[in-house]
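Shown next, in structure tokens, is the structure this report addresses.
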Protein chains: 2
Amino acid sequence: MRYKIKYMAINKSNIFPEEVQELAALAKALGHPARIAILQALAQKQSCICGEIVEILPLSQATVSQHLKALKEAGLIKGEVEGVKSCYCLNLEYLEKMSPLLNQFFKNILTPGCC
Amino acid sequence: MRYKIKYMAINKSNIFPEEVQELAALAKALGHPARIAILQALAQKQSCICGEIVEILPLSQATVSQHLKALKEAGLIKGEVEGVKSCYCLNLEYLEKMSPLLNQFFKNILTPGCC
DNA sequence: ATCTTATATCGCAAATATACGATTAATGTT
DNA sequence: AACATTAATCGTATATTTGCGATATAAGAT
């Protein structure tokens with residue numbers, strides 16, 4: 001009978017370069033159809049809609065709320081309470097900062113030379 | 001004593017529009033620093049490197065292999081065996097197709113009008 | 001004050017992702 | 001044939017994500 005030393009599933013994300021982490025975090029937030037759809041919905045409506053999103057998406061209120069939270073925590077959207085309702089809108093500052101960075105990432109990657 | 005009917009965590013991703021799913025799938029693949037770093041490494045080296053990636057990344061061989069598999073299955077990279085070694089490179093077709101789509105997504109979202 | 005409405009959060013189940021050691025498979029080398 | 005090297009895969013532990021019902025909270029309406 002012998003012991004097995006057990007490794008643990010430590011999160012190693014934070015040992016990558018800051019800029020790499022930033023891109024990955026953005027991508028992660030975009031990495032679910034519901035969240036893409038939420039961003040599109042927020043952009044389409046002129047005003048910042050709230051629970052209307054729940055009606056648009058084929059998901060429960062609880063689940064939509066969760067996705068909104070994820071988007072908010074990642075910085076893609078902002079949210080504020082307006083009476084009973086809760087009003088979300090795109091975080092333009094963040095998105096306008098990150099969009100070119102992501103684009104630059106692809107540009108850098110797609111320079112001829114590879115393969 | 002009464003039963004609780006238990007809902008199951010069905011994956012609802014596939015009921016979103018095709019184009020939304022496509023973007024989300026791309027983003028999901030990019031949603032980890034290791035995978036961003038792998039793509040950058042593949043782009044930097046002229047030739048398609050293989051196990052060199054393992055040396056660059058602060059992760060075990062098994063883990064890197066797993067990330068490579070994820071990138072391959074998502075279509076971002078291609079891989080082929082070359083003797084003992086295994087050689088990966090960017091899937092330029094896919095990336096050159098998706099980069100503008102992602103860019104367009106941001107453009108659509110960032111049209112003035114919201115909030 | 002009670003009732004309704006809107007949304008966040010809790011608690012749970014299930015699925016997926018992350019990480020690695022150990023092993024396997026397949027090729028190259030001696 | 002035996003050994004070394006490379007990389008995929010298996011098995012496992014743990015963490016995170018996805019999803020929803022139920023509940024809590026807080027504001028508005030009656």
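Labeling convention for the structure tokens: chains A, B, ... as they appear, residues from 1 per chain, ligands from 1 in order of appearance.
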
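Residues in contact with C:DT23 at 10 Å, where only C-alpha atoms (C1' of nucleotides) are counted and same-chain residues fewer than 2 positions away are skipped, are listed as DG21 and DA25 of chain C; DT9, DC10 and DG11 of chain D.
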
Do you know which residues are at most 8 Å from A:Asn11 counting only C-alpha atoms (C1' of nucleotides), after dropping those on the same chain fewer than 2 positions away, and could you put them as a list in words?
-> Ala9, Ser13 and Asn14 of chain A; DT18 and DA19 of chain C

Within 12 Å of D:DC3 using only C-alpha atoms (C1' of nucleotides), minus same-chain residues under 5 positions, as a list in words =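 Answer for this query is DG28, DT29 and DT30 of chain C.
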
Write out as JSON, numbers by chain which residues come within 10 Å of D:DG19 when counting only C-alpha atoms (C1' of nucleotides), dropping same-chain ones fewer than 2 positions away.
-> {"A": [59, 60, 62, 63, 64, 66], "B": [7, 8, 9, 10, 11, 12], "C": [13, 14], "D": [17]}

Which of chain A DSSP labels helix (DSSP H, G or I), written as a ChimeraX atom specification | /A:13-15,18-30,33-44,52-56,61-74,92-109

Output as a tab-separated table one row per residue of chain D within 9 Å of chain B: the closest atom pair and its distance in Å to one decimal place, counting only C-alpha atoms (C1' of nucleotides), sorted by chain and residue number ascending.
residue	atom	partner	partner_atom	distance
D:DT5	C1'	B:Val84	CA	7.4
D:DT6	C1'	B:Val84	CA	5.3
D:DA7	C1'	B:Ser86	CA	6.9
D:DA8	C1'	B:Ser65	CA	7.4
D:DT9	C1'	B:Ala62	CA	8.9
D:DT18	C1'	B:Ala9	CA	6.6
D:DG19	C1'	B:Ala9	CA	4.9
D:DC20	C1'	B:Tyr7	CA	6.7
D:DG21	C1'	B:Tyr7	CA	8.4

Contact check, chain C to chain A, at most 12 Å, counting only C-alpha atoms (C1' of nucleotides), closest pairs as a Markdown table:
| residue | atom | partner | partner_atom | distance |
| --- | --- | --- | --- | --- |
| C:DT4 | C1' | A:Val84 | CA | 11.2 |
| C:DT5 | C1' | A:Val84 | CA | 7.6 |
| C:DA6 | C1' | A:Val84 | CA | 5.5 |
| C:DT7 | C1' | A:Ser86 | CA | 7.0 |
| C:DA8 | C1' | A:Ser65 | CA | 7.4 |
| C:DT9 | C1' | A:Ala62 | CA | 8.9 |
| C:DC10 | C1' | A:Ala62 | CA | 11.0 |
| C:DA17 | C1' | A:Ala9 | CA | 10.6 |
| C:DT18 | C1' | A:Ala9 | CA | 6.5 |
| C:DA19 | C1' | A:Ala9 | CA | 4.7 |
| C:DC20 | C1' | A:Tyr7 | CA | 6.5 |
| C:DG21 | C1' | A:Tyr7 | CA | 8.2 |
| C:DA22 | C1' | A:Lys4 | CA | 11.3 |

Resulting file, chosen residues, C-alpha atoms (C1' of nucleotides), as a compact mmCIF listing (two decimals), in the first residue's frame:
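This went into part06.txt:
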# COMPACT_ATOMS: atom_id res chain seq x y z
C1' DT C 4 -47.95 43.06 -7.05
C1' DT C 5 -43.97 43.26 -9.89
C1' DA C 6 -39.07 43.06 -11.01
C1' DT C 7 -34.86 41.26 -10.26
C1' DA C 8 -31.13 39.41 -7.46
C1' DT C 9 -29.63 35.60 -4.97
C1' DC C 10 -29.66 30.84 -2.81
C1' DA C 17 -13.17 22.95 -17.92
C1' DT C 18 -8.61 22.97 -15.90
C1' DA C 19 -4.67 20.68 -14.33
C1' DC C 20 -1.46 16.93 -13.87
C1' DG C 21 0.70 12.15 -13.16
C1' DA C 22 0.75 7.88 -15.31

Using only C-alpha atoms, find each residue of chain B with at least one atom at most 7 Å away from an atom of chain A; report its shortest atom-to-atom pair and that distance in Å (one decimal), sort the rows by chain and rising residue number, and return the result as JSON lines.
{"residue": "B:Ser13", "atom": "CA", "partner": "A:Pro33", "partner_atom": "CA", "distance": 6.0}
{"residue": "B:Phe16", "atom": "CA", "partner": "A:Pro33", "partner_atom": "CA", "distance": 6.4}
{"residue": "B:Val20", "atom": "CA", "partner": "A:Pro33", "partner_atom": "CA", "distance": 5.7}
{"residue": "B:Gln21", "atom": "CA", "partner": "A:Pro33", "partner_atom": "CA", "distance": 5.3}
{"residue": "B:Ala24", "atom": "CA", "partner": "A:Gly31", "partner_atom": "CA", "distance": 4.4}
{"residue": "B:Ala25", "atom": "CA", "partner": "A:Gly31", "partner_atom": "CA", "distance": 6.2}
{"residue": "B:Ala27", "atom": "CA", "partner": "A:Gly31", "partner_atom": "CA", "distance": 4.6}
{"residue": "B:Lys28", "atom": "CA", "partner": "A:Gly31", "partner_atom": "CA", "distance": 4.0}
{"residue": "B:Leu30", "atom": "CA", "partner": "A:Ala27", "partner_atom": "CA", "distance": 5.6}
{"residue": "B:Gly31", "atom": "CA", "partner": "A:Lys28", "partner_atom": "CA", "distance": 4.0}
{"residue": "B:His32", "atom": "CA", "partner": "A:Ala24", "partner_atom": "CA", "distance": 5.0}
{"residue": "B:Pro33", "atom": "CA", "partner": "A:Ala24", "partner_atom": "CA", "distance": 5.3}
{"residue": "B:Ile36", "atom": "CA", "partner": "A:Val20", "partner_atom": "CA", "distance": 6.5}
{"residue": "B:Ala37", "atom": "CA", "partner": "A:Val20", "partner_atom": "CA", "distance": 7.0}
{"residue": "B:Gln40", "atom": "CA", "partner": "A:Ile109", "partner_atom": "CA", "distance": 6.2}
{"residue": "B:Ala43", "atom": "CA", "partner": "A:Ile109", "partner_atom": "CA", "distance": 5.2}
{"residue": "B:Lys45", "atom": "CA", "partner": "A:Cys114", "partner_atom": "CA", "distance": 6.9}
{"residue": "B:Gln46", "atom": "CA", "partner": "A:Cys114", "partner_atom": "CA", "distance": 4.9}
{"residue": "B:Ser47", "atom": "CA", "partner": "A:Cys115", "partner_atom": "CA", "distance": 5.8}
{"residue": "B:Cys48", "atom": "CA", "partner": "A:Cys115", "partner_atom": "CA", "distance": 6.0}
{"residue": "B:Cys89", "atom": "CA", "partner": "A:Cys115", "partner_atom": "CA", "distance": 6.4}
{"residue": "B:Ser99", "atom": "CA", "partner": "A:Phe106", "partner_atom": "CA", "distance": 6.5}
{"residue": "B:Asn103", "atom": "CA", "partner": "A:Asn103", "partner_atom": "CA", "distance": 6.7}
{"residue": "B:Phe106", "atom": "CA", "partner": "A:Ser99", "partner_atom": "CA", "distance": 6.5}
{"residue": "B:Ile109", "atom": "CA", "partner": "A:Ala43", "partner_atom": "CA", "distance": 5.2}
{"residue": "B:Gly113", "atom": "CA", "partner": "A:Gln46", "partner_atom": "CA", "distance": 5.5}
{"residue": "B:Cys114", "atom": "CA", "partner": "A:Gln46", "partner_atom": "CA", "distance": 4.9}
{"residue": "B:Cys115", "atom": "CA", "partner": "A:Ser47", "partner_atom": "CA", "distance": 5.8}

Could you write those residues out with N, CA and C atoms, as an mmCIF file, in the first residue's frame?
data_model
loop_
_atom_site.group_PDB
_atom_site.id
_atom_site.type_symbol
_atom_site.label_atom_id
_atom_site.label_comp_id
_atom_site.auth_asym_id
_atom_site.auth_seq_id
_atom_site.Cartn_x
_atom_site.Cartn_y
_atom_site.Cartn_z
ATOM 1 N N SER B 13 -27.307 26.112 -25.635
ATOM 2 C CA SER B 13 -26.524 26.902 -26.583
ATOM 3 C C SER B 13 -27.027 26.778 -28.011
ATOM 4 N N PHE B 16 -29.710 29.090 -30.110
ATOM 5 C CA PHE B 16 -29.435 30.456 -30.539
ATOM 6 C C PHE B 16 -29.119 30.472 -32.035
ATOM 7 N N VAL B 20 -24.659 33.579 -34.082
ATOM 8 C CA VAL B 20 -24.356 33.886 -32.682
ATOM 9 C C VAL B 20 -23.560 32.746 -32.061
ATOM 10 N N GLN B 21 -23.967 31.525 -32.376
ATOM 11 C CA GLN B 21 -23.248 30.353 -31.863
ATOM 12 C C GLN B 21 -21.816 30.323 -32.363
ATOM 13 N N ALA B 24 -19.730 32.828 -30.493
ATOM 14 C CA ALA B 24 -19.526 32.372 -29.119
ATOM 15 C C ALA B 24 -18.508 31.235 -29.069
ATOM 16 N N ALA B 25 -18.567 30.357 -30.045
ATOM 17 C CA ALA B 25 -17.636 29.226 -30.078
ATOM 18 C C ALA B 25 -16.204 29.717 -30.271
ATOM 19 N N ALA B 27 -15.086 32.715 -29.461
ATOM 20 C CA ALA B 27 -14.716 33.409 -28.232
ATOM 21 C C ALA B 27 -14.385 32.424 -27.120
ATOM 22 N N LYS B 28 -15.153 31.373 -27.054
ATOM 23 C CA LYS B 28 -14.909 30.373 -26.027
ATOM 24 C C LYS B 28 -13.518 29.753 -26.170
ATOM 25 N N LEU B 30 -10.991 31.165 -27.422
ATOM 26 C CA LEU B 30 -10.003 32.187 -27.066
ATOM 27 C C LEU B 30 -10.048 32.528 -25.584
ATOM 28 N N GLY B 31 -10.986 31.927 -24.872
ATOM 29 C CA GLY B 31 -11.267 32.320 -23.503
ATOM 30 C C GLY B 31 -10.369 31.759 -22.430
ATOM 31 N N HIS B 32 -9.170 31.422 -22.784
ATOM 32 C CA HIS B 32 -8.196 31.000 -21.766
ATOM 33 C C HIS B 32 -6.810 31.500 -22.155
ATOM 34 N N PRO B 33 -6.103 32.098 -21.209
ATOM 35 C CA PRO B 33 -4.792 32.684 -21.495
ATOM 36 C C PRO B 33 -3.845 31.705 -22.187
ATOM 37 N N ILE B 36 -4.650 31.643 -25.875
ATOM 38 C CA ILE B 36 -4.179 32.873 -26.525
ATOM 39 C C ILE B 36 -2.669 32.772 -26.736
ATOM 40 N N ALA B 37 -1.975 32.361 -25.708
ATOM 41 C CA ALA B 37 -0.515 32.264 -25.767
ATOM 42 C C ALA B 37 -0.076 31.251 -26.817
ATOM 43 N N GLN B 40 -0.361 32.845 -30.211
ATOM 44 C CA GLN B 40 0.732 33.798 -30.412
ATOM 45 C C GLN B 40 2.036 33.073 -30.705
ATOM 46 N N ALA B 43 2.115 31.771 -34.189
ATOM 47 C CA ALA B 43 2.272 32.843 -35.172
ATOM 48 C C ALA B 43 3.702 33.350 -35.211
ATOM 49 N N LYS B 45 6.690 31.816 -34.385
ATOM 50 C CA LYS B 45 7.601 30.895 -35.064
ATOM 51 C C LYS B 45 7.198 30.827 -36.534
ATOM 52 N N GLN B 46 8.178 30.886 -37.374
ATOM 53 C CA GLN B 46 7.859 30.788 -38.797
ATOM 54 C C GLN B 46 7.290 29.406 -39.099
ATOM 55 N N SER B 47 8.065 28.410 -38.675
ATOM 56 C CA SER B 47 7.611 27.056 -38.905
ATOM 57 C C SER B 47 6.581 26.674 -37.855
ATOM 58 N N CYS B 48 5.802 25.664 -38.149
ATOM 59 C CA CYS B 48 4.809 25.181 -37.202
ATOM 60 C C CYS B 48 5.498 24.352 -36.135
ATOM 61 N N CYS B 89 -0.263 24.238 -36.589
ATOM 62 C CA CYS B 89 -0.174 25.595 -37.104
ATOM 63 C C CYS B 89 -1.552 26.226 -37.164
ATOM 64 N N SER B 99 -12.124 36.592 -38.059
ATOM 65 C CA SER B 99 -11.655 37.890 -37.566
ATOM 66 C C SER B 99 -12.566 39.040 -37.999
ATOM 67 N N ASN B 103 -15.039 41.427 -35.704
ATOM 68 C CA ASN B 103 -14.901 42.870 -35.818
ATOM 69 C C ASN B 103 -16.242 43.528 -36.161
ATOM 70 N N PHE B 106 -18.501 43.808 -33.155
ATOM 71 C CA PHE B 106 -18.218 44.974 -32.322
ATOM 72 C C PHE B 106 -18.716 46.254 -32.989
ATOM 73 N N ILE B 109 -22.406 46.536 -32.570
ATOM 74 C CA ILE B 109 -22.760 46.820 -31.180
ATOM 75 C C ILE B 109 -22.443 48.258 -30.801
ATOM 76 N N GLY B 113 -26.076 55.327 -30.174
ATOM 77 C CA GLY B 113 -27.524 55.164 -29.993
ATOM 78 C C GLY B 113 -27.802 54.551 -28.649
ATOM 79 N N CYS B 114 -26.980 53.595 -28.299
ATOM 80 C CA CYS B 114 -27.197 52.955 -26.997
ATOM 81 C C CYS B 114 -26.773 53.883 -25.882
ATOM 82 N N CYS B 115 -27.610 53.985 -24.901
ATOM 83 C CA CYS B 115 -27.351 54.768 -23.685
ATOM 84 C C CYS B 115 -26.807 56.156 -23.969
#

Once DSSP has gone over the backbone, tell me which residues of chain A are in strand (DSSP E), as a compact mmCIF listing (two decimals) with N, CA, C and O atoms, in the first residue's frame.
# COMPACT_ATOMS: atom_id res chain seq x y z
N ILE A 77 -20.72 45.34 -19.65
CA ILE A 77 -21.94 46.14 -19.50
C ILE A 77 -21.95 46.83 -18.15
O ILE A 77 -21.20 46.47 -17.25
N LYS A 78 -22.83 47.83 -18.08
CA LYS A 78 -23.04 48.51 -16.80
C LYS A 78 -24.51 48.31 -16.43
O LYS A 78 -25.35 48.12 -17.30
N GLY A 79 -24.79 48.35 -15.16
CA GLY A 79 -26.18 48.18 -14.73
C GLY A 79 -26.50 49.11 -13.59
O GLY A 79 -25.67 49.35 -12.73
N GLU A 80 -27.70 49.66 -13.64
CA GLU A 80 -28.12 50.46 -12.49
C GLU A 80 -29.61 50.26 -12.24
O GLU A 80 -30.39 50.01 -13.16
N VAL A 81 -29.98 50.40 -10.98
CA VAL A 81 -31.36 50.18 -10.58
C VAL A 81 -32.18 51.42 -10.89
O VAL A 81 -31.71 52.54 -10.70
N GLU A 82 -33.38 51.19 -11.38
CA GLU A 82 -34.30 52.30 -11.64
C GLU A 82 -35.66 51.91 -11.10
O GLU A 82 -36.50 51.38 -11.82
N LYS A 85 -37.28 48.25 -11.50
CA LYS A 85 -36.58 47.67 -12.64
C LYS A 85 -35.08 47.87 -12.53
O LYS A 85 -34.59 48.67 -11.73
N SER A 86 -34.40 47.16 -13.37
CA SER A 86 -32.96 47.23 -13.36
C SER A 86 -32.52 47.42 -14.80
O SER A 86 -32.98 46.72 -15.69
N CYS A 87 -31.66 48.36 -14.98
CA CYS A 87 -31.39 48.83 -16.33
C CYS A 87 -29.93 48.62 -16.73
O CYS A 87 -29.02 49.13 -16.07
N TYR A 88 -29.74 47.87 -17.78
CA TYR A 88 -28.39 47.56 -18.23
C TYR A 88 -28.08 48.26 -19.53
O TYR A 88 -28.97 48.49 -20.36
N CYS A 89 -26.85 48.57 -19.71
CA CYS A 89 -26.43 49.06 -21.02
C CYS A 89 -24.97 48.72 -21.25
O CYS A 89 -24.23 48.40 -20.32
N LEU A 90 -24.57 48.80 -22.51
CA LEU A 90 -23.19 48.47 -22.87
C LEU A 90 -22.22 49.41 -22.17
O LEU A 90 -22.50 50.60 -22.01

Grab the atom CA of B:Tyr94 to atom CA of B:Glu52 distance for me, in Å with one decimal place.
->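 Atom CA of B:Glu52 lies 23.5 Å from atom CA of B:Tyr94.
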
Atom CA of A:Leu71 and atom CA of A:Ile53 are how many Å apart?
-> 13.4 Å
